[in-house]
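Next comes work.pdb, with PDB, C-alpha atoms.
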```
ATOM      1  CA  MET A   9     114.972  69.201 113.621
ATOM      2  CA  ARG A  10     115.263  71.152 116.830
ATOM      3  CA  ILE A  11     116.740  74.479 117.947
ATOM      4  CA  ASP A  12     120.049  73.872 119.718
ATOM      5  CA  PRO A  13     119.413  74.678 123.404
ATOM      6  CA  ILE A  14     122.804  76.383 123.807
ATOM      7  CA  TYR A  15     121.386  79.438 122.007
ATOM      8  CA  LYS A  16     119.332  81.973 123.914
ATOM      9  CA  ILE A  17     117.559  85.124 122.847
ATOM     10  CA  ARG A  18     118.650  88.246 124.672
ATOM     11  CA  GLU A  19     117.145  91.706 124.600
ATOM     12  CA  ILE A  20     119.715  94.360 123.747
ATOM     13  CA  ALA A  21     118.676  97.966 123.191
ATOM     14  CA  GLY A  22     115.070  96.926 122.631
ATOM     15  CA  GLU A  23     115.968  94.294 120.018
ATOM     16  CA  HIS A  24     115.695  90.529 120.455
ATOM     17  CA  VAL A  25     118.950  88.951 119.307
ATOM     18  CA  VAL A  26     121.004  85.777 119.433
ATOM     19  CA  ILE A  27     124.759  86.219 119.513
ATOM     20  CA  VAL A  28     126.455  83.319 117.754
ATOM     21  CA  GLN A  29     129.338  81.871 119.711
ATOM     22  CA  GLY A  30     132.731  81.897 118.044
ATOM     23  CA  ARG A  31     135.744  79.765 118.829
ATOM     24  CA  HIS A  32     136.921  82.145 121.535
ATOM     25  CA  GLY A  33     133.647  83.420 122.975
ATOM     26  CA  ALA A  34     130.902  85.603 121.595
ATOM     27  CA  ASP A  35     131.428  86.775 118.048
ATOM     28  CA  MET A  36     129.801  90.200 118.028
ATOM     29  CA  THR A  37     130.015  90.285 114.236
ATOM     30  CA  ARG A  38     127.471  87.450 114.100
ATOM     31  CA  VAL A  39     124.383  88.815 115.799
ATOM     32  CA  ILE A  40     120.996  87.595 114.611
ATOM     33  CA  ALA A  41     118.089  89.984 115.177
ATOM     34  CA  PHE A  42     114.566  88.592 115.403
ATOM     35  CA  ASN A  43     111.418  90.316 114.166
ATOM     36  CA  ASP A  44     108.062  89.513 115.785
ATOM     37  CA  SER A  45     107.310  86.455 113.673
ATOM     38  CA  ALA A  46     110.823  84.996 114.046
ATOM     39  CA  ARG A  47     110.655  85.484 117.817
ATOM     40  CA  TYR A  48     107.209  83.872 117.914
ATOM     41  CA  LEU A  49     108.472  80.793 116.050
ATOM     42  CA  TRP A  50     111.521  80.575 118.326
ATOM     43  CA  ASP A  51     109.372  80.729 121.462
ATOM     44  CA  GLU A  52     106.830  78.201 120.188
ATOM     45  CA  LEU A  53     109.287  75.681 118.738
ATOM     46  CA  ARG A  54     112.202  75.849 121.177
ATOM     47  CA  GLY A  55     112.734  72.616 123.077
ATOM     48  CA  ARG A  56     110.962  70.280 120.657
ATOM     49  CA  ASP A  57     111.250  68.719 117.232
ATOM     50  CA  PHE A  58     109.462  70.519 114.402
ATOM     51  CA  THR A  59     109.021  70.587 110.641
ATOM     52  CA  PRO A  60     108.736  73.486 108.207
ATOM     53  CA  GLU A  61     105.044  72.665 107.870
ATOM     54  CA  GLU A  62     104.507  73.005 111.617
ATOM     55  CA  ALA A  63     106.302  76.355 111.651
ATOM     56  CA  ALA A  64     104.146  77.511 108.730
ATOM     57  CA  ARG A  65     100.979  76.431 110.544
ATOM     58  CA  LEU A  66     101.988  78.518 113.551
ATOM     59  CA  LEU A  67     102.498  81.535 111.306
ATOM     60  CA  THR A  68      99.069  81.190 109.702
ATOM     61  CA  GLU A  69      97.431  80.835 113.114
ATOM     62  CA  ARG A  70      99.056  83.980 114.500
ATOM     63  CA  PHE A  71      99.524  86.293 111.501
ATOM     64  CA  GLU A  72      97.431  87.200 108.471
ATOM     65  CA  VAL A  73      99.385  85.228 105.887
ATOM     66  CA  ASP A  74      98.393  82.611 103.305
ATOM     67  CA  ASP A  75      99.643  79.022 103.490
ATOM     68  CA  ALA A  76     102.164  79.296 100.633
ATOM     69  CA  THR A  77     103.734  82.487 101.986
ATOM     70  CA  ALA A  78     103.856  81.052 105.506
ATOM     71  CA  LEU A  79     105.660  77.929 104.288
ATOM     72  CA  ARG A  80     108.131  79.993 102.255
ATOM     73  CA  ASP A  81     108.791  82.247 105.275
ATOM     74  CA  ALA A  82     109.131  79.274 107.639
ATOM     75  CA  GLU A  83     111.616  77.594 105.295
ATOM     76  CA  ALA A  84     113.626  80.835 105.038
ATOM     77  CA  TRP A  85     113.670  81.165 108.854
ATOM     78  CA  ILE A  86     114.812  77.555 109.210
ATOM     79  CA  GLY A  87     117.463  78.113 106.534
ATOM     80  CA  LYS A  88     118.903  81.079 108.444
ATOM     81  CA  LEU A  89     119.042  79.059 111.661
ATOM     82  CA  ARG A  90     120.682  76.172 109.793
ATOM     83  CA  ASP A  91     123.248  78.502 108.165
ATOM     84  CA  CYS A  92     124.230  79.734 111.629
ATOM     85  CA  GLY A  93     124.521  76.200 113.028
ATOM     86  CA  MET A  94     121.627  76.744 115.428
ATOM     87  CA  LEU A  95     119.675  73.606 114.533
ATOM     88  CA  ILE A  96     120.112  70.016 115.593
ATOM     89  CA  THR A  97     119.012  67.490 113.011
ATOM     90  CA  GLN A  98     118.462  63.827 113.685
TER      91      GLN A  98
END
```

What does the file become when written as structure tokens?
Amino acid sequence: MRIDPIYKIREIAGEHVVIVQGRHGADMTRVIAFNDSARYLWDELRGRDFTPEEAARLLTERFEVDDATALRDAEAWIGKLRDCGMLITQ
């Protein structure tokens, strides 16, 4: 899977967000805010294929988190991106 390159993170009022595009432009009711770990994954994985295991490995390298928690968090992050249509799958 890969993050769809049409989506970009923007900083608005000190928050890092992605505004999901609607049928007629930006849908301001669908704004996704990123915490530090979500932003880190986005920056590290954008532009390339990745797996949940790779995302989890990145989390364990950067943050103090055990392998099982990192995988659960990575899968939740991927699930949110998938729910918003922000992922491209092969």

So what does the PyMOL selection byres ((chain A and resi 79-92) around 6) actually pick up in this one, as a PDB file with C-alpha atoms, keeping the file's coordinate frame?
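Final output, saved to result23.pdb:
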```pdb
ATOM      1  CA  PRO A  60     108.736  73.486 108.207  1.00  0.00           C
ATOM      2  CA  ALA A  63     106.302  76.355 111.651  1.00  0.00           C
ATOM      3  CA  ALA A  64     104.146  77.511 108.730  1.00  0.00           C
ATOM      4  CA  ALA A  76     102.164  79.296 100.633  1.00  0.00           C
ATOM      5  CA  THR A  77     103.734  82.487 101.986  1.00  0.00           C
ATOM      6  CA  ALA A  78     103.856  81.052 105.506  1.00  0.00           C
ATOM      7  CA  GLY A  93     124.521  76.200 113.028  1.00  0.00           C
ATOM      8  CA  MET A  94     121.627  76.744 115.428  1.00  0.00           C
ATOM      9  CA  LEU A  95     119.675  73.606 114.533  1.00  0.00           C
TER      10      LEU A  95
END
```

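Atom CA of Phe71 of chain A to atom CA of Gln98 of chain A spans 29.5 Å [interatomic distance, one decimal].
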
Check: Which residues, protein or nucleic acid, reach to within 9 Å of (116.7, 84.7, 122.0) in the file's coordinates when using all atoms listed in the file, and can you give that as a PyMOL selection string?
Finding: chain A and resi 15-19+24-27+41-42+47+50-51

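The nearest approach to Thr59 of chain A among the residues A:Thr97, A:Pro13, A:Ile40, A:Ile20, with all atoms listed in the file taken into account, belongs to A:Thr97.
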
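Proximity ranking of A:Asp75, A:Ile96, A:Ile14, A:Glu23 relative to Asp57 of chain A places A:Ile96 first, based on only C-alpha atoms.
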
Notebook entry, point to check: When you draw a straight line from atom CA of Arg65 of chain A to atom CA of Ala46 of chain A, how long is it in Å?
Noted result: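 A separation of 13.5 Å between them.
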
Next item on the list: Go ahead and compute the interatomic distance for atom CA of Glu61 of chain A and atom CA of Asp12 of chain A, in Å to one decimal.
Entry: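 Rounded to one decimal, the two atoms are 19.2 Å apart.
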
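Proximity of A:Gly22, A:Val39, A:Arg10, A:Asp74 to Gly55 of chain A, computed with only C-alpha atoms, is greatest for A:Arg10.
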